[in-house]
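Novice: I'd like to ask you about the structure that follows.
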Amino acid sequence: MRLFALPATLALAVGMSAVGYAWLATQDMPRDRPARASPAPRDDRPAELPDEHPIDVEGWRRLGRAYALQGRHADAVLAFRNATRLRPDDATLLTDYAFSAAVTTRRSVADEPQRLVERALRIDPNHAGALSLAGTLALDRNDYEAAVLHWERLSQQQLPDSPAQRQLRASIAQAHRLADAQGAQTGLIKAR
């Protein structure tokens, strides 16, 4: 039974993070410009977008977000990497970078997304996107206690009866159940 619970929980947590994170990522985008459709990619090279050769942080950020919205996270990682070289102390930018890095990184080498999200939280300990992603990364490592800590801190920022609050509460409860199951399984192994 536990084998089916974990993938469902991961899907729930990743879905929660992706939806919440996508919403957070759009919050500082300009509202006065219409969204632009991106052209189809040529060969295997990145699609040419309006800011194909950005020269500043905001150009690299827009390019990274455009790629991320297209699901092209490997291209987004490159754009976010360039942006963070120019502005290494921007928690939102680091979180954008960490999210795309997490999507493209094999689970056995997940230290880059973790390192990036930790940097974002050192800059802004209450950054909602970073807390959400940090909880998801912790859950992925089976560190249920850390996941709960990050999500509890995020929960304090939500309205009491909001959909985000209800989703967080469900994820926190599931992380507690997984921690209890892990503890029980560890107890059984030690008893043998």
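Residues in the structure tokens are numbered from 1 in each chain, the chains being A, B, ... in the order shown, and ligands are numbered from 1 in the order shown.
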Could you pull the residues within 6 Å of range 96-100 of chain A, counting only C-alpha atoms, minus those fewer than 5 positions along the same chain, as a list in words?
Specialist: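 Result of the neighbour search: His73, Val77, Phe80, Pro113, Leu116 and Val117 of chain A.
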Novice: Write out as number ranges by chain each polymer residue whose atoms come within 8 Å of Leu168 in chain A, counting only C-alpha atoms; drop sequence neighbours fewer than 6 positions from it.
Specialist: A: 151-152, 155
Novice: Work out how far CA of Gly129 in chain A is from CA of Arg153 in chain A, in Å to one decimal.
Specialist: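 Computing it gives 11.6 Å between the two atoms.
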Novice: Need the shell around range 81-89 of chain A: protein/DNA/RNA residues with any atom at most 6 Å away, counting only C-alpha atoms. Skip same-chain ones fewer than 3 positions apart. Format as a PyMOL selection string?
Specialist: chain A and resi 57+60+77-78
Novice: Considering only C-alpha atoms, return as a list in words whatever protein or nucleic-acid residues lie within 12 Å of Gly71 in chain A, sequence-local ones (same chain, fewer than 2 positions apart) excluded.
Specialist: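 Once the nearby chain positions are removed, what remains is Ala18, Ala22, Pro46, Gly64, Arg65, Ala66, Tyr67, Ala68, Leu69, His73, Ala74, Asp75, Ala76, Val77, Phe99, Ser100, Ala101, Val103 and Thr104 of chain A.
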Novice: Just to be explicit: take each residue in the selection above, keep N, CA and C atoms, and write the result as a PDB file, in the first residue's frame.
Specialist:
ATOM      1  N   ALA A  18       3.729  23.260  -8.606  1.00  0.00           N
ATOM      2  CA  ALA A  18       3.728  23.767  -9.979  1.00  0.00           C
ATOM      3  C   ALA A  18       2.630  24.796 -10.185  1.00  0.00           C
ATOM      4  N   ALA A  22       3.600  28.589 -10.559  1.00  0.00           N
ATOM      5  CA  ALA A  22       3.278  29.265 -11.817  1.00  0.00           C
ATOM      6  C   ALA A  22       2.527  30.564 -11.544  1.00  0.00           C
ATOM      7  N   PRO A  46      17.169  26.478 -29.303  1.00  0.00           N
ATOM      8  CA  PRO A  46      16.068  27.152 -28.608  1.00  0.00           C
ATOM      9  C   PRO A  46      15.266  28.017 -29.579  1.00  0.00           C
ATOM     10  N   GLY A  64      13.789  33.238 -19.627  1.00  0.00           N
ATOM     11  CA  GLY A  64      13.689  32.029 -18.806  1.00  0.00           C
ATOM     12  C   GLY A  64      12.249  31.658 -18.507  1.00  0.00           C
ATOM     13  N   ARG A  65      11.433  32.650 -18.170  1.00  0.00           N
ATOM     14  CA  ARG A  65      10.029  32.367 -17.872  1.00  0.00           C
ATOM     15  C   ARG A  65       9.269  31.915 -19.110  1.00  0.00           C
ATOM     16  N   ALA A  66       9.580  32.514 -20.243  1.00  0.00           N
ATOM     17  CA  ALA A  66       8.917  32.087 -21.486  1.00  0.00           C
ATOM     18  C   ALA A  66       9.251  30.625 -21.777  1.00  0.00           C
ATOM     19  N   TYR A  67      10.518  30.270 -21.637  1.00  0.00           N
ATOM     20  CA  TYR A  67      10.897  28.871 -21.846  1.00  0.00           C
ATOM     21  C   TYR A  67      10.212  27.959 -20.830  1.00  0.00           C
ATOM     22  N   ALA A  68      10.194  28.367 -19.565  1.00  0.00           N
ATOM     23  CA  ALA A  68       9.572  27.537 -18.530  1.00  0.00           C
ATOM     24  C   ALA A  68       8.088  27.330 -18.823  1.00  0.00           C
ATOM     25  N   LEU A  69       7.396  28.379 -19.253  1.00  0.00           N
ATOM     26  CA  LEU A  69       5.973  28.248 -19.577  1.00  0.00           C
ATOM     27  C   LEU A  69       5.744  27.320 -20.757  1.00  0.00           C
ATOM     28  N   HIS A  73      12.432  23.549 -19.879  1.00  0.00           N
ATOM     29  CA  HIS A  73      13.165  23.902 -18.669  1.00  0.00           C
ATOM     30  C   HIS A  73      14.678  23.879 -18.835  1.00  0.00           C
ATOM     31  N   ALA A  74      15.201  23.051 -19.721  1.00  0.00           N
ATOM     32  CA  ALA A  74      16.654  23.060 -19.944  1.00  0.00           C
ATOM     33  C   ALA A  74      17.088  24.407 -20.518  1.00  0.00           C
ATOM     34  N   ASP A  75      16.302  24.953 -21.447  1.00  0.00           N
ATOM     35  CA  ASP A  75      16.600  26.281 -21.985  1.00  0.00           C
ATOM     36  C   ASP A  75      16.390  27.353 -20.918  1.00  0.00           C
ATOM     37  N   ALA A  76      15.353  27.169 -20.098  1.00  0.00           N
ATOM     38  CA  ALA A  76      15.081  28.128 -19.021  1.00  0.00           C
ATOM     39  C   ALA A  76      16.241  28.174 -18.031  1.00  0.00           C
ATOM     40  N   VAL A  77      16.812  27.015 -17.711  1.00  0.00           N
ATOM     41  CA  VAL A  77      17.949  26.964 -16.780  1.00  0.00           C
ATOM     42  C   VAL A  77      19.081  27.849 -17.279  1.00  0.00           C
ATOM     43  N   PHE A  99      13.395  25.983  -9.715  1.00  0.00           N
ATOM     44  CA  PHE A  99      12.249  25.216 -10.205  1.00  0.00           C
ATOM     45  C   PHE A  99      12.584  24.528 -11.526  1.00  0.00           C
ATOM     46  N   SER A 100      13.127  25.289 -12.482  1.00  0.00           N
ATOM     47  CA  SER A 100      13.479  24.687 -13.773  1.00  0.00           C
ATOM     48  C   SER A 100      14.598  23.672 -13.618  1.00  0.00           C
ATOM     49  N   ALA A 101      15.555  23.956 -12.733  1.00  0.00           N
ATOM     50  CA  ALA A 101      16.640  23.002 -12.485  1.00  0.00           C
ATOM     51  C   ALA A 101      16.085  21.707 -11.887  1.00  0.00           C
ATOM     52  N   VAL A 103      13.145  20.417 -12.393  1.00  0.00           N
ATOM     53  CA  VAL A 103      12.433  19.677 -13.435  1.00  0.00           C
ATOM     54  C   VAL A 103      13.415  18.912 -14.324  1.00  0.00           C
ATOM     55  N   THR A 104      14.592  19.488 -14.566  1.00  0.00           N
ATOM     56  CA  THR A 104      15.541  18.874 -15.502  1.00  0.00           C
ATOM     57  C   THR A 104      16.591  17.997 -14.838  1.00  0.00           C
TER      58      THR A 104
END
Novice: Pick from A:Leu121, A:Ala170, A:Leu159, A:Leu178: nearest to Asp143 in chain A, with only C-alpha atoms counted?
Specialist: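 Looking only at the distances to Asp143 in chain A, the closest residue turns out to be A:Leu178.
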Novice: Can you list, as a list in words, every protein, DNA or RNA residue that comes within 10 Å of Arg177 in chain A when you count only C-alpha atoms, leaving out same-chain residues fewer than 5 positions away?
Specialist: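 Close residues of Arg177 in chain A: Ala5, Tyr144, Ser171, Ile172, Gln182 and Gly183 of chain A.
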Novice: Would you mind exporting the chosen residues as a tab-separated table (two decimals), in the first residue's frame, restricted to N, CA, C and O atoms?
Specialist:
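So selection03.tsv came out as:
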chain	number	residue	atom	x	y	z
A	5	ALA	N	1.08	5.01	-2.18
A	5	ALA	CA	0.85	6.28	-1.49
A	5	ALA	C	1.93	7.29	-1.83
A	5	ALA	O	1.64	8.46	-2.03
A	144	TYR	N	10.34	14.23	5.44
A	144	TYR	CA	8.97	14.71	5.68
A	144	TYR	C	8.93	15.82	6.71
A	144	TYR	O	8.12	16.74	6.61
A	171	SER	N	-1.49	18.61	2.11
A	171	SER	CA	-0.11	18.15	1.86
A	171	SER	C	0.64	17.93	3.17
A	171	SER	O	1.40	16.96	3.31
A	172	ILE	N	0.43	18.81	4.12
A	172	ILE	CA	1.08	18.68	5.43
A	172	ILE	C	0.59	17.41	6.13
A	172	ILE	O	1.38	16.64	6.68
A	182	GLN	N	6.87	5.77	7.62
A	182	GLN	CA	8.32	5.55	7.55
A	182	GLN	C	8.86	5.14	8.91
A	182	GLN	O	9.69	4.23	9.01
A	183	GLY	N	8.40	5.80	9.97
A	183	GLY	CA	8.82	5.45	11.32
A	183	GLY	C	8.40	4.05	11.71
A	183	GLY	O	9.18	3.29	12.30
Novice: State, in Å with one decimal place, the distance from CA of Ala173 in chain A to CA of Asn126 in chain A.
Specialist: 21.1 Å
Novice: Write down as JSON, numbers by chain the residues belonging to range 143-190 of chain A that are assigned alpha helix (DSSP H) by DSSP computed on the backbone.
Specialist: {"A": [144, 145, 146, 147, 148, 149, 150, 151, 152, 153, 154, 155, 163, 164, 165, 166, 167, 168, 169, 170, 171, 172, 173, 174, 175, 176, 177, 178, 179, 180, 181, 182, 183, 184, 185, 186, 187, 188, 189, 190]}
Novice: Could you tell me how far CA of Gln156 in chain A lies from CA of Ala128 in chain A, in Å and to one decimal?
Specialist: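 Those two atoms sit 10.2 Å apart.
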Novice: Counting only C-alpha atoms, what is within 9 Å of Ala120 in chain A, bar same-chain residues fewer than 2 positions away, as a list in words?
Specialist: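 Counting only C-alpha atoms, the residues come to Asp89, Asp90, Ala91, Thr92, Leu93, Leu94, Thr95, Arg115, Leu116, Val117, Glu118, Arg122, Ile123, Asp124, Pro125, His127 and Ala130 of chain A.
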Novice: Okay, now the selection with N, CA, C and O atoms, as a PDB file, in the first residue's frame?
Specialist:
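That gives us again-v6.pdb:
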ATOM      1  N   ASP A  89      21.399  38.091  -5.855  1.00  0.00           N
ATOM      2  CA  ASP A  89      20.684  38.230  -4.579  1.00  0.00           C
ATOM      3  C   ASP A  89      19.177  38.427  -4.757  1.00  0.00           C
ATOM      4  O   ASP A  89      18.511  38.990  -3.904  1.00  0.00           O
ATOM      5  N   ASP A  90      18.621  37.911  -5.826  1.00  0.00           N
ATOM      6  CA  ASP A  90      17.193  38.035  -6.114  1.00  0.00           C
ATOM      7  C   ASP A  90      16.520  36.702  -5.799  1.00  0.00           C
ATOM      8  O   ASP A  90      16.688  35.715  -6.527  1.00  0.00           O
ATOM      9  N   ALA A  91      15.754  36.653  -4.712  1.00  0.00           N
ATOM     10  CA  ALA A  91      15.139  35.399  -4.261  1.00  0.00           C
ATOM     11  C   ALA A  91      14.166  34.823  -5.290  1.00  0.00           C
ATOM     12  O   ALA A  91      14.111  33.607  -5.499  1.00  0.00           O
ATOM     13  N   THR A  92      13.401  35.683  -5.952  1.00  0.00           N
ATOM     14  CA  THR A  92      12.445  35.202  -6.950  1.00  0.00           C
ATOM     15  C   THR A  92      13.173  34.605  -8.141  1.00  0.00           C
ATOM     16  O   THR A  92      12.807  33.534  -8.640  1.00  0.00           O
ATOM     17  N   LEU A  93      14.213  35.245  -8.586  1.00  0.00           N
ATOM     18  CA  LEU A  93      14.994  34.743  -9.709  1.00  0.00           C
ATOM     19  C   LEU A  93      15.655  33.404  -9.369  1.00  0.00           C
ATOM     20  O   LEU A  93      15.634  32.467 -10.161  1.00  0.00           O
ATOM     21  N   LEU A  94      16.209  33.306  -8.162  1.00  0.00           N
ATOM     22  CA  LEU A  94      16.809  32.042  -7.726  1.00  0.00           C
ATOM     23  C   LEU A  94      15.769  30.926  -7.651  1.00  0.00           C
ATOM     24  O   LEU A  94      16.050  29.773  -7.981  1.00  0.00           O
ATOM     25  N   THR A  95      14.562  31.272  -7.228  1.00  0.00           N
ATOM     26  CA  THR A  95      13.492  30.278  -7.140  1.00  0.00           C
ATOM     27  C   THR A  95      13.054  29.830  -8.529  1.00  0.00           C
ATOM     28  O   THR A  95      12.818  28.640  -8.762  1.00  0.00           O
ATOM     29  N   ARG A 115      20.420  23.684  -3.512  1.00  0.00           N
ATOM     30  CA  ARG A 115      21.350  24.784  -3.213  1.00  0.00           C
ATOM     31  C   ARG A 115      20.733  26.131  -3.604  1.00  0.00           C
ATOM     32  O   ARG A 115      20.812  27.102  -2.858  1.00  0.00           O
ATOM     33  N   LEU A 116      20.078  26.185  -4.755  1.00  0.00           N
ATOM     34  CA  LEU A 116      19.469  27.432  -5.223  1.00  0.00           C
ATOM     35  C   LEU A 116      18.316  27.870  -4.333  1.00  0.00           C
ATOM     36  O   LEU A 116      18.194  29.051  -3.991  1.00  0.00           O
ATOM     37  N   VAL A 117      17.473  26.921  -3.953  1.00  0.00           N
ATOM     38  CA  VAL A 117      16.331  27.291  -3.116  1.00  0.00           C
ATOM     39  C   VAL A 117      16.796  27.695  -1.710  1.00  0.00           C
ATOM     40  O   VAL A 117      16.221  28.599  -1.096  1.00  0.00           O
ATOM     41  N   GLU A 118      17.859  27.072  -1.213  1.00  0.00           N
ATOM     42  CA  GLU A 118      18.413  27.492   0.084  1.00  0.00           C
ATOM     43  C   GLU A 118      18.961  28.914   0.013  1.00  0.00           C
ATOM     44  O   GLU A 118      18.787  29.691   0.946  1.00  0.00           O
ATOM     45  N   ARG A 122      17.712  32.119   2.209  1.00  0.00           N
ATOM     46  CA  ARG A 122      18.615  32.953   3.017  1.00  0.00           C
ATOM     47  C   ARG A 122      18.372  34.433   2.723  1.00  0.00           C
ATOM     48  O   ARG A 122      18.442  35.267   3.615  1.00  0.00           O
ATOM     49  N   ILE A 123      18.065  34.737   1.475  1.00  0.00           N
ATOM     50  CA  ILE A 123      17.784  36.126   1.094  1.00  0.00           C
ATOM     51  C   ILE A 123      16.422  36.564   1.615  1.00  0.00           C
ATOM     52  O   ILE A 123      16.274  37.658   2.149  1.00  0.00           O
ATOM     53  N   ASP A 124      15.421  35.709   1.447  1.00  0.00           N
ATOM     54  CA  ASP A 124      14.054  36.014   1.892  1.00  0.00           C
ATOM     55  C   ASP A 124      13.451  34.759   2.515  1.00  0.00           C
ATOM     56  O   ASP A 124      12.900  33.911   1.815  1.00  0.00           O
ATOM     57  N   PRO A 125      13.559  34.619   3.855  1.00  0.00           N
ATOM     58  CA  PRO A 125      13.080  33.405   4.538  1.00  0.00           C
ATOM     59  C   PRO A 125      11.586  33.129   4.380  1.00  0.00           C
ATOM     60  O   PRO A 125      11.138  32.024   4.633  1.00  0.00           O
ATOM     61  N   HIS A 127       9.843  33.774   1.411  1.00  0.00           N
ATOM     62  CA  HIS A 127       9.502  33.782  -0.011  1.00  0.00           C
ATOM     63  C   HIS A 127       8.579  32.596  -0.302  1.00  0.00           C
ATOM     64  O   HIS A 127       8.961  31.435  -0.138  1.00  0.00           O
ATOM     65  N   ALA A 130       9.770  29.946  -2.899  1.00  0.00           N
ATOM     66  CA  ALA A 130      10.918  29.185  -2.393  1.00  0.00           C
ATOM     67  C   ALA A 130      10.479  28.213  -1.300  1.00  0.00           C
ATOM     68  O   ALA A 130      10.958  27.071  -1.256  1.00  0.00           O
TER      69      ALA A 130
END
